[in-house]
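Worksheet for the structure shown next.
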Amino acid sequence: MPKINETPAQKMINKNEMALIVNGYQSGAARLLLLDYDGTLVQFDERPEKAVPDNDLFKMLASLAEKEESDVVIISGRRREFLERHFGELPLILIAEHGAWLKSGAGGWKPSATPDTRWKDEIRPLLELYCDRTPGAFIEEKDFSLAWDYRRSDVELASMRAMELKGNLLNMVANRNLGILEGNRVLEIKSLEVSKAKITSYLLSLKDYDFILGMGDDATDEDLFAAIPERGYSIKVGRGSSKARYHVADVASARSLLKKLVET
Ligand SMILES: [Mg+2]
């Protein structure tokens, strides 16, 4: 009889799998590490501005990225200003707004696509209405998306409102080439031209990587997992069903896995 709490879809990384990953990493001549930020490298925080990288994380990423064989990517839904402020000095590839912006090497930030954003003016009033009806909810405007964030709201009320809002949005996004991303206590409306899957495929097309690892924690990372070829390692942080091959329990385990790679 299966236990109720079992999540058979992905394998928890045990000693054997860890050894497999470490071996793959060690023998990799061209490695690509794709790391989500919030909920993966740092704990989710009710105040997004507080979820800044600590010293340990900063040092670990620096050590990972200094290896000539490795391309280390932070792939996040955050705005590029945030990533630039905290990681701009490190030799990382930075991806902001779920793939809309890319910074690689000395070239500075470049948009990966230039989707139409006129839809924002049509959708913003609906999001504002739901802010009025949901204490604590707020809108975060990004260059190519609008996010309705309810991390500071009462969970029960806001989850109900989010479902309602999503229902209303479905009508509006149809025929506009827009998608609704359901993140951790956030609904985000963005162009379908932009996704973690598309930017990952683009990066994979640049080099013949023989070690590929991707980690993420929420629905927006399913796109990332889907783009990782079968020989790569897709790792979901936390529980819940996922396209990822493996999972680890939490941020601490995700970081200790990366630490093992640094130490090899
Ligand atoms: Mg995340």
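Ordering of the structure tokens sets the chain letters (A, B, ...); residue numbers start at 1 within each chain; ligands are numbered from 1 in the order shown.
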
Residue neighbourhood Gly183 in chain A, 8 Å, only C-alpha atoms, exclusion window fewer than 4 positions, as a ChimeraX atom specification
/A:187-188,218-220

Write a file of the just-selected residues containing N, CA and C atoms, as a PDB file, in the first residue's frame.
ATOM      1  N   LEU A 187       0.508  35.801  -8.807  1.00  0.00           N
ATOM      2  CA  LEU A 187       0.039  35.482 -10.164  1.00  0.00           C
ATOM      3  C   LEU A 187       0.741  36.474 -11.076  1.00  0.00           C
ATOM      4  N   GLU A 188       1.340  35.984 -12.117  1.00  0.00           N
ATOM      5  CA  GLU A 188       2.075  36.887 -12.990  1.00  0.00           C
ATOM      6  C   GLU A 188       1.608  36.707 -14.422  1.00  0.00           C
ATOM      7  N   ASP A 218       9.292  26.454  -7.867  1.00  0.00           N
ATOM      8  CA  ASP A 218       7.842  26.626  -8.045  1.00  0.00           C
ATOM      9  C   ASP A 218       7.391  26.412  -9.490  1.00  0.00           C
ATOM     10  N   ALA A 219       6.140  26.736  -9.744  1.00  0.00           N
ATOM     11  CA  ALA A 219       5.532  26.418 -11.036  1.00  0.00           C
ATOM     12  C   ALA A 219       6.299  27.041 -12.198  1.00  0.00           C
ATOM     13  N   THR A 220       6.903  28.208 -11.968  1.00  0.00           N
ATOM     14  CA  THR A 220       7.619  28.870 -13.060  1.00  0.00           C
ATOM     15  C   THR A 220       8.855  28.078 -13.483  1.00  0.00           C
TER      16      THR A 220
END

DSSP on the backbone: what in range 159-253 of chain A comes out strand (DSSP E or B), as an MDAnalysis selection string?
chainID A and resid 178:183 186:191 211:216 233:237 246:248

Would you put the residues from that selection into a file with N, CA and C atoms, as a PDB file, in the first residue's frame?
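Produced file selection.pdb, reproduced below:
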ATOM      1  N   LEU A 178      -0.693  35.775 -24.158  1.00  0.00           N
ATOM      2  CA  LEU A 178      -0.200  35.965 -22.798  1.00  0.00           C
ATOM      3  C   LEU A 178      -0.417  34.693 -21.996  1.00  0.00           C
ATOM      4  N   GLY A 179       0.393  34.522 -20.968  1.00  0.00           N
ATOM      5  CA  GLY A 179       0.221  33.385 -20.086  1.00  0.00           C
ATOM      6  C   GLY A 179       0.128  33.850 -18.645  1.00  0.00           C
ATOM      7  N   ILE A 180      -0.455  33.008 -17.795  1.00  0.00           N
ATOM      8  CA  ILE A 180      -0.521  33.318 -16.368  1.00  0.00           C
ATOM      9  C   ILE A 180       0.410  32.354 -15.644  1.00  0.00           C
ATOM     10  N   LEU A 181       1.390  32.905 -14.967  1.00  0.00           N
ATOM     11  CA  LEU A 181       2.299  32.082 -14.172  1.00  0.00           C
ATOM     12  C   LEU A 181       1.806  32.077 -12.740  1.00  0.00           C
ATOM     13  N   GLU A 182       1.715  30.896 -12.155  1.00  0.00           N
ATOM     14  CA  GLU A 182       1.330  30.832 -10.757  1.00  0.00           C
ATOM     15  C   GLU A 182       2.552  30.512  -9.925  1.00  0.00           C
ATOM     16  N   GLY A 183       3.127  31.522  -9.320  1.00  0.00           N
ATOM     17  CA  GLY A 183       4.297  31.318  -8.476  1.00  0.00           C
ATOM     18  C   GLY A 183       3.881  31.127  -7.029  1.00  0.00           C
ATOM     19  N   VAL A 186       1.907  34.413  -5.863  1.00  0.00           N
ATOM     20  CA  VAL A 186       1.918  35.479  -6.868  1.00  0.00           C
ATOM     21  C   VAL A 186       1.319  34.934  -8.163  1.00  0.00           C
ATOM     22  N   LEU A 187       0.508  35.801  -8.807  1.00  0.00           N
ATOM     23  CA  LEU A 187       0.039  35.482 -10.164  1.00  0.00           C
ATOM     24  C   LEU A 187       0.741  36.474 -11.076  1.00  0.00           C
ATOM     25  N   GLU A 188       1.340  35.984 -12.117  1.00  0.00           N
ATOM     26  CA  GLU A 188       2.075  36.887 -12.990  1.00  0.00           C
ATOM     27  C   GLU A 188       1.608  36.707 -14.422  1.00  0.00           C
ATOM     28  N   ILE A 189       1.336  37.828 -15.065  1.00  0.00           N
ATOM     29  CA  ILE A 189       0.870  37.786 -16.453  1.00  0.00           C
ATOM     30  C   ILE A 189       2.032  38.236 -17.331  1.00  0.00           C
ATOM     31  N   LYS A 190       2.375  37.406 -18.278  1.00  0.00           N
ATOM     32  CA  LYS A 190       3.503  37.761 -19.147  1.00  0.00           C
ATOM     33  C   LYS A 190       3.303  37.200 -20.542  1.00  0.00           C
ATOM     34  N   SER A 191       4.074  37.745 -21.448  1.00  0.00           N
ATOM     35  CA  SER A 191       4.002  37.287 -22.828  1.00  0.00           C
ATOM     36  C   SER A 191       4.464  35.841 -22.939  1.00  0.00           C
ATOM     37  N   PHE A 211      27.492  18.565 -18.951  1.00  0.00           N
ATOM     38  CA  PHE A 211      26.893  18.447 -17.630  1.00  0.00           C
ATOM     39  C   PHE A 211      25.890  19.584 -17.473  1.00  0.00           C
ATOM     40  N   ILE A 212      24.619  19.231 -17.258  1.00  0.00           N
ATOM     41  CA  ILE A 212      23.568  20.233 -17.156  1.00  0.00           C
ATOM     42  C   ILE A 212      22.765  19.982 -15.889  1.00  0.00           C
ATOM     43  N   LEU A 213      22.673  21.005 -15.071  1.00  0.00           N
ATOM     44  CA  LEU A 213      21.901  20.868 -13.839  1.00  0.00           C
ATOM     45  C   LEU A 213      20.989  22.080 -13.690  1.00  0.00           C
ATOM     46  N   GLY A 214      19.726  21.840 -13.371  1.00  0.00           N
ATOM     47  CA  GLY A 214      18.781  22.936 -13.159  1.00  0.00           C
ATOM     48  C   GLY A 214      18.033  22.745 -11.856  1.00  0.00           C
ATOM     49  N   MET A 215      17.908  23.832 -11.071  1.00  0.00           N
ATOM     50  CA  MET A 215      17.183  23.738  -9.803  1.00  0.00           C
ATOM     51  C   MET A 215      16.167  24.859  -9.685  1.00  0.00           C
ATOM     52  N   GLY A 216      15.006  24.511  -9.156  1.00  0.00           N
ATOM     53  CA  GLY A 216      13.978  25.525  -8.945  1.00  0.00           C
ATOM     54  C   GLY A 216      12.906  25.016  -8.014  1.00  0.00           C
ATOM     55  N   TYR A 233      20.347  16.982 -15.099  1.00  0.00           N
ATOM     56  CA  TYR A 233      19.770  16.789 -13.771  1.00  0.00           C
ATOM     57  C   TYR A 233      18.825  17.931 -13.459  1.00  0.00           C
ATOM     58  N   SER A 234      17.529  17.625 -13.409  1.00  0.00           N
ATOM     59  CA  SER A 234      16.557  18.634 -13.011  1.00  0.00           C
ATOM     60  C   SER A 234      16.133  18.341 -11.581  1.00  0.00           C
ATOM     61  N   ILE A 235      16.187  19.358 -10.748  1.00  0.00           N
ATOM     62  CA  ILE A 235      15.976  19.147  -9.320  1.00  0.00           C
ATOM     63  C   ILE A 235      14.967  20.138  -8.767  1.00  0.00           C
ATOM     64  N   LYS A 236      13.892  19.595  -8.242  1.00  0.00           N
ATOM     65  CA  LYS A 236      12.867  20.444  -7.629  1.00  0.00           C
ATOM     66  C   LYS A 236      13.191  20.622  -6.146  1.00  0.00           C
ATOM     67  N   VAL A 237      13.142  21.865  -5.694  1.00  0.00           N
ATOM     68  CA  VAL A 237      13.383  22.147  -4.278  1.00  0.00           C
ATOM     69  C   VAL A 237      12.029  22.160  -3.570  1.00  0.00           C
ATOM     70  N   TYR A 246      14.506  14.822 -10.004  1.00  0.00           N
ATOM     71  CA  TYR A 246      14.824  14.641  -8.588  1.00  0.00           C
ATOM     72  C   TYR A 246      14.204  15.731  -7.747  1.00  0.00           C
ATOM     73  N   HIS A 247      14.187  15.503  -6.464  1.00  0.00           N
ATOM     74  CA  HIS A 247      13.898  16.631  -5.584  1.00  0.00           C
ATOM     75  C   HIS A 247      14.763  16.590  -4.343  1.00  0.00           C
ATOM     76  N   VAL A 248      14.940  17.794  -3.771  1.00  0.00           N
ATOM     77  CA  VAL A 248      15.587  17.914  -2.465  1.00  0.00           C
ATOM     78  C   VAL A 248      14.583  18.598  -1.549  1.00  0.00           C
TER      79      VAL A 248
END

To check your reading of the model: which residues sit at most 8 Å from ligand 1 when counting only C-alpha atoms and all ligand atoms? Write the answer as a PyMOL selection string.
chain A and resi 36-40+44+76-77+183-184+216-218+220-221

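The smallest atom-to-atom distance between Gly167 in chain A and any of A:Trp119, A:Arg78, A:Leu126, A:Asp132, using only C-alpha atoms, is found for A:Leu126.
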
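Note that the spacing between CA of Asp116 in chain A and CA of Asn177 in chain A amounts to 9.6 Å.
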
Residue neighbourhood Ile75 in chain A, 6 Å, only C-alpha atoms, exclusion window fewer than 2 positions, as a list in words
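With the cut-off at 6 Å, the set is Leu35, Asp36, Val73 and Ile95 of chain A.
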
Smallest atom-to-atom distance to Leu165 in chain A: which of A:Leu192, A:Leu127, A:Ala197, A:Ala106, using only C-alpha atoms?
A:Leu127

Running DSSP on the backbone, which parts of range 112-217 of chain A land in alpha helix (DSSP H), as a VMD selection string?
chain A and resid 119 to 132 155 to 173 196 to 206

List the spatial neighbours of Val155 in chain A as an MDAnalysis selection string - criterion: any atom at most 12 Å away, only C-alpha atoms, same-chain residues fewer than 6 positions off excluded.
chainID A and resid 46 134:137 149 161:162 184:186

Residue among A:Ala254, A:Val262, A:Leu34, A:Ala51 lying closest to Ala227 in chain A, counting only C-alpha atoms:
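The answer is A:Leu34, which sits nearest to Ala227 in chain A.
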
With only C-alpha atoms as the atoms that count, which of A:Ser27, A:Arg85, A:Arg47, A:Leu20 lies nearest to Phe138 in chain A?
A:Arg47
